[in-house]
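Q: Please find entry-v1.json (JSON, C-alpha atoms) on the next line:
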[["chain", "number", "residue", "atom", "x", "y", "z"],
["X", 1, "MET", "CA", -47.21, -131.55, 9.70],
["X", 2, "LEU", "CA", -47.40, -128.34, 7.67],
["X", 3, "SER", "CA", -47.65, -126.20, 10.80],
["X", 4, "SER", "CA", -44.47, -127.76, 12.23],
["X", 5, "ILE", "CA", -42.65, -127.05, 8.96],
["X", 6, "LEU", "CA", -43.83, -123.44, 9.00],
["X", 7, "LEU", "CA", -42.82, -123.03, 12.65],
["X", 8, "GLN", "CA", -39.38, -124.44, 11.91],
["X", 9, "ALA", "CA", -39.02, -122.06, 8.95],
["X", 10, "ALA", "CA", -40.05, -119.12, 11.13],
["X", 11, "GLU", "CA", -37.54, -120.11, 13.80],
["X", 12, "THR", "CA", -34.80, -120.41, 11.20],
["X", 13, "ALA", "CA", -35.77, -117.01, 9.82],
["X", 14, "SER", "CA", -35.46, -115.42, 13.24],
["X", 15, "ASN", "CA", -32.10, -117.09, 13.89],
["X", 16, "ILE", "CA", -30.33, -116.30, 10.62],
["X", 17, "GLY", "CA", -32.20, -113.26, 9.39],
["X", 18, "ILE", "CA", -35.65, -112.83, 7.95],
["X", 19, "GLY", "CA", -34.47, -112.57, 4.34],
["X", 20, "TYR", "CA", -32.72, -115.93, 4.38],
["X", 21, "GLY", "CA", -35.64, -117.73, 5.97],
["X", 22, "LEU", "CA", -38.24, -116.23, 3.66],
["X", 23, "ALA", "CA", -36.14, -116.89, 0.56],
["X", 24, "GLY", "CA", -35.70, -120.51, 1.57],
["X", 25, "LEU", "CA", -39.38, -120.83, 2.38],
["X", 26, "GLY", "CA", -40.29, -119.35, -0.99],
["X", 27, "ALA", "CA", -38.01, -121.76, -2.83],
["X", 28, "GLY", "CA", -39.51, -124.67, -0.93],
["X", 29, "LEU", "CA", -43.08, -123.56, -1.60],
["X", 30, "ALA", "CA", -42.26, -123.23, -5.31],
["X", 31, "ALA", "CA", -41.03, -126.83, -5.37],
["X", 32, "VAL", "CA", -44.07, -128.11, -3.48],
["X", 33, "GLY", "CA", -46.44, -126.15, -5.72],
["X", 34, "ALA", "CA", -44.79, -127.51, -8.84],
["X", 35, "GLY", "CA", -45.06, -131.06, -7.53],
["X", 36, "ILE", "CA", -48.75, -130.64, -6.83],
["X", 37, "GLY", "CA", -49.36, -128.98, -10.20],
["X", 38, "ILE", "CA", -47.53, -131.62, -12.22],
["X", 39, "GLY", "CA", -49.31, -134.36, -10.28],
["X", 40, "ARG", "CA", -52.68, -132.84, -11.12],
["X", 41, "ILE", "CA", -51.70, -132.46, -14.77],
["X", 42, "GLY", "CA", -50.66, -136.12, -14.95],
["X", 43, "GLY", "CA", -53.78, -137.32, -13.18],
["X", 44, "SER", "CA", -56.07, -135.32, -15.41],
["X", 45, "ALA", "CA", -54.24, -136.55, -18.50],
["X", 46, "MET", "CA", -54.65, -140.16, -17.40],
["X", 47, "GLU", "CA", -58.35, -139.57, -16.82],
["X", 48, "GLY", "CA", -58.69, -137.99, -20.26],
["X", 49, "ILE", "CA", -56.87, -140.89, -21.91],
["X", 50, "ALA", "CA", -59.16, -143.35, -20.10],
["X", 51, "ARG", "CA", -62.21, -141.51, -21.40],
["X", 52, "GLN", "CA", -60.92, -141.06, -24.96],
["X", 53, "PRO", "CA", -58.18, -143.56, -25.79],
["X", 54, "GLU", "CA", -58.10, -142.42, -29.42],
["X", 55, "ALA", "CA", -56.84, -138.97, -28.36],
["X", 56, "VAL", "CA", -53.80, -140.28, -26.47],
["X", 57, "GLY", "CA", -51.27, -138.47, -28.71],
["X", 58, "ASP", "CA", -52.87, -135.05, -28.36],
["X", 59, "ILE", "CA", -53.44, -135.43, -24.64],
["X", 60, "ARG", "CA", -49.86, -136.60, -24.04],
["X", 61, "SER", "CA", -48.31, -133.74, -25.98],
["X", 62, "ASN", "CA", -50.47, -131.14, -24.22],
["X", 63, "MET", "CA", -49.63, -132.72, -20.87],
["X", 64, "ILE", "CA", -45.90, -132.51, -21.56],
["X", 65, "VAL", "CA", -46.13, -128.85, -22.60],
["X", 66, "ALA", "CA", -48.18, -127.92, -19.53],
["X", 67, "ALA", "CA", -45.84, -129.81, -17.18],
["X", 68, "ALA", "CA", -42.82, -128.12, -18.75],
["X", 69, "LEU", "CA", -44.37, -124.68, -18.22],
["X", 70, "VAL", "CA", -45.14, -125.44, -14.57],
["X", 71, "GLU", "CA", -41.66, -126.83, -14.01],
["X", 72, "GLY", "CA", -40.04, -123.82, -15.68],
["X", 73, "ALA", "CA", -41.96, -121.35, -13.53],
["X", 74, "ALA", "CA", -41.10, -123.29, -10.37],
["X", 75, "PHE", "CA", -37.43, -123.51, -11.35],
["X", 76, "PHE", "CA", -37.39, -119.75, -11.91],
["X", 77, "ALA", "CA", -38.93, -119.14, -8.46],
["X", 78, "MET", "CA", -36.45, -121.48, -6.78],
["X", 79, "VAL", "CA", -33.48, -119.84, -8.50],
["X", 80, "ILE", "CA", -34.66, -116.37, -7.47],
["X", 81, "GLY", "CA", -35.11, -117.55, -3.87],
["X", 82, "LEU", "CA", -31.66, -119.12, -3.78],
["X", 83, "LEU", "CA", -30.09, -116.05, -5.38],
["X", 84, "VAL", "CA", -31.53, -113.94, -2.57],
["X", 85, "ILE", "CA", -29.78, -116.22, -0.09],
["X", 86, "LEU", "CA", -26.47, -116.24, -1.95],
["X", 87, "THR", "CA", -26.29, -112.50, -2.59],
["X", 88, "LYS", "CA", -26.71, -111.43, 1.05]]
Would you encode the structure as structure tokens?
A:
Amino acid sequence: MLSSILLQAAETASNIGIGYGLAGLGAGLAAVGAGIGIGRIGGSAMEGIARQPEAVGDIRSNMIVAAALVEGAAFFAMVIGLLVILTK
């Protein structure tokens, strides 16, 4: 699955120019990485709440802050990748 996606991205890069393909690939990888990171944050928070139900408020607030930081970094990477495409 992943290899077919990478092959399609490489073919697109060769057809429309390497900068466009790599910028799009970078934006996509940023989105995928953020999804994986936020999923791990949520899963770990649920595990922590199951182990210590009395700390649910602290765990939830820390989870939200960490997820916001991951999402912000991914959004920044996607915007930079799309700006590369739009400015060429």
Q: Which value, in Å to one decimal, gives the distance between atom CA of Leu25 of chain X and atom CA of Val65 of chain X?
A: 27.1 Å
Q: Any idea what the distance is between atom CA of Val56 of chain X and atom CA of Gly72 of chain X?
A: 24.0 Å
Q: Excluding same-chain residues fewer than 2 positions from Ala45 of chain X, what lies within 9 Å of it counting only C-alpha atoms, as a list of chain:residue names?
A: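 Near Ala45 of chain X, the qualifying residues are X:Arg40, X:Ile41, X:Gly42, X:Gly43, X:Glu47, X:Gly48, X:Ile49, X:Ala50, X:Val56, X:Ile59, X:Arg60, X:Asn62, X:Met63.
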Q: Between X:Ile80, X:Leu22, X:Ala34, X:Ala55, which is the closest to Gln8 of chain X once you count all atoms listed in the file?
A: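 Among X:Ile80, X:Leu22, X:Ala34, X:Ala55, it is X:Leu22 that comes nearest to Gln8 of chain X.
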Q: Between atom CA of Arg51 of chain X and atom CA of Ile38 of chain X, measure the distance and give it in Å to one decimal.
A: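 Going from atom CA of Arg51 of chain X over to atom CA of Ile38 of chain X, I get 19.9 Å.
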Q: Identify which of the residues X:Gly37, X:Ala31, X:Gly26, X:Ser4 lies closest to Ala74 of chain X, counting only C-alpha atoms when measuring atom-to-atom distances.
A: X:Ala31
Q: Write out as a list in words which residues come within 6 Å of Ala27 of chain X when counting only C-alpha atoms, dropping same-chain ones fewer than 2 positions away.
A: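 Here the answer would be Gly24, Leu25, Leu29, Ala30, Met78 and Gly81 of chain X.
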Q: Deliver the residues from the most recent selection as a file, using C-alpha atoms, as a PDB file, keeping the file's coordinate frame.
A:
ATOM      1  CA  GLY X  24     -35.700-120.510   1.570  1.00  0.00           C
ATOM      2  CA  LEU X  25     -39.380-120.830   2.380  1.00  0.00           C
ATOM      3  CA  LEU X  29     -43.080-123.560  -1.600  1.00  0.00           C
ATOM      4  CA  ALA X  30     -42.260-123.230  -5.310  1.00  0.00           C
ATOM      5  CA  MET X  78     -36.450-121.480  -6.780  1.00  0.00           C
ATOM      6  CA  GLY X  81     -35.110-117.550  -3.870  1.00  0.00           C
TER       7      GLY X  81
END
Q: My structure is short of atoms at segment 41-68 of chain X; please model N, CA and C atoms there, returning them as a compact mmCIF listing (two decimals), in the frame of the given file.
A:
# COMPACT_ATOMS: atom_id res chain seq x y z
N ILE X 41 -51.74 -132.39 -13.30
CA ILE X 41 -51.70 -132.46 -14.77
C ILE X 41 -51.66 -133.91 -15.21
N GLY X 42 -50.78 -134.70 -14.60
CA GLY X 42 -50.66 -136.12 -14.95
C GLY X 42 -51.94 -136.89 -14.67
N GLY X 43 -52.54 -136.63 -13.53
CA GLY X 43 -53.78 -137.32 -13.18
C GLY X 43 -54.92 -136.99 -14.13
N SER X 44 -55.02 -135.72 -14.48
CA SER X 44 -56.07 -135.32 -15.41
C SER X 44 -55.82 -135.89 -16.79
N ALA X 45 -54.56 -135.97 -17.19
CA ALA X 45 -54.24 -136.55 -18.50
C ALA X 45 -54.60 -138.04 -18.52
N MET X 46 -54.31 -138.74 -17.45
CA MET X 46 -54.65 -140.16 -17.40
C MET X 46 -56.16 -140.36 -17.45
N GLU X 47 -56.89 -139.48 -16.78
CA GLU X 47 -58.35 -139.57 -16.82
C GLU X 47 -58.87 -139.29 -18.23
N GLY X 48 -58.28 -138.29 -18.89
CA GLY X 48 -58.69 -137.99 -20.26
C GLY X 48 -58.39 -139.12 -21.22
N ILE X 49 -57.23 -139.76 -21.04
CA ILE X 49 -56.87 -140.89 -21.91
C ILE X 49 -57.82 -142.06 -21.65
N ALA X 50 -58.22 -142.26 -20.40
CA ALA X 50 -59.16 -143.35 -20.10
C ALA X 50 -60.52 -143.09 -20.73
N ARG X 51 -60.90 -141.83 -20.81
CA ARG X 51 -62.21 -141.51 -21.40
C ARG X 51 -62.18 -141.53 -22.92
N GLN X 52 -61.04 -141.10 -23.50
CA GLN X 52 -60.92 -141.06 -24.96
C GLN X 52 -59.57 -141.64 -25.38
N PRO X 53 -59.46 -142.94 -25.46
CA PRO X 53 -58.18 -143.56 -25.79
C PRO X 53 -57.66 -143.18 -27.18
N GLU X 54 -58.54 -142.78 -28.07
CA GLU X 54 -58.10 -142.42 -29.42
C GLU X 54 -57.38 -141.07 -29.46
N ALA X 55 -57.48 -140.28 -28.40
CA ALA X 55 -56.84 -138.97 -28.36
C ALA X 55 -55.56 -138.98 -27.52
N VAL X 56 -54.95 -140.16 -27.36
CA VAL X 56 -53.80 -140.28 -26.47
C VAL X 56 -52.64 -139.41 -26.93
N GLY X 57 -52.39 -139.27 -28.22
CA GLY X 57 -51.27 -138.47 -28.71
C GLY X 57 -51.43 -137.00 -28.39
N ASP X 58 -52.62 -136.46 -28.65
CA ASP X 58 -52.87 -135.05 -28.36
C ASP X 58 -52.82 -134.76 -26.86
N ILE X 59 -53.42 -135.64 -26.09
CA ILE X 59 -53.44 -135.43 -24.64
C ILE X 59 -52.02 -135.49 -24.09
N ARG X 60 -51.23 -136.46 -24.55
CA ARG X 60 -49.86 -136.60 -24.04
C ARG X 60 -49.01 -135.38 -24.37
N SER X 61 -49.12 -134.90 -25.60
CA SER X 61 -48.31 -133.74 -25.98
C SER X 61 -48.72 -132.50 -25.21
N ASN X 62 -50.01 -132.29 -25.02
CA ASN X 62 -50.47 -131.14 -24.22
C ASN X 62 -50.05 -131.28 -22.76
N MET X 63 -50.05 -132.50 -22.24
CA MET X 63 -49.63 -132.72 -20.87
C MET X 63 -48.15 -132.37 -20.70
N ILE X 64 -47.33 -132.77 -21.65
CA ILE X 64 -45.90 -132.51 -21.56
C ILE X 64 -45.63 -131.01 -21.63
N VAL X 65 -46.32 -130.30 -22.50
CA VAL X 65 -46.13 -128.85 -22.60
C VAL X 65 -46.56 -128.16 -21.31
N ALA X 66 -47.69 -128.54 -20.77
CA ALA X 66 -48.18 -127.92 -19.53
C ALA X 66 -47.24 -128.22 -18.36
N ALA X 67 -46.77 -129.46 -18.27
CA ALA X 67 -45.84 -129.81 -17.18
C ALA X 67 -44.53 -129.05 -17.32
N ALA X 68 -44.06 -128.87 -18.54
CA ALA X 68 -42.82 -128.12 -18.75
C ALA X 68 -42.98 -126.65 -18.34
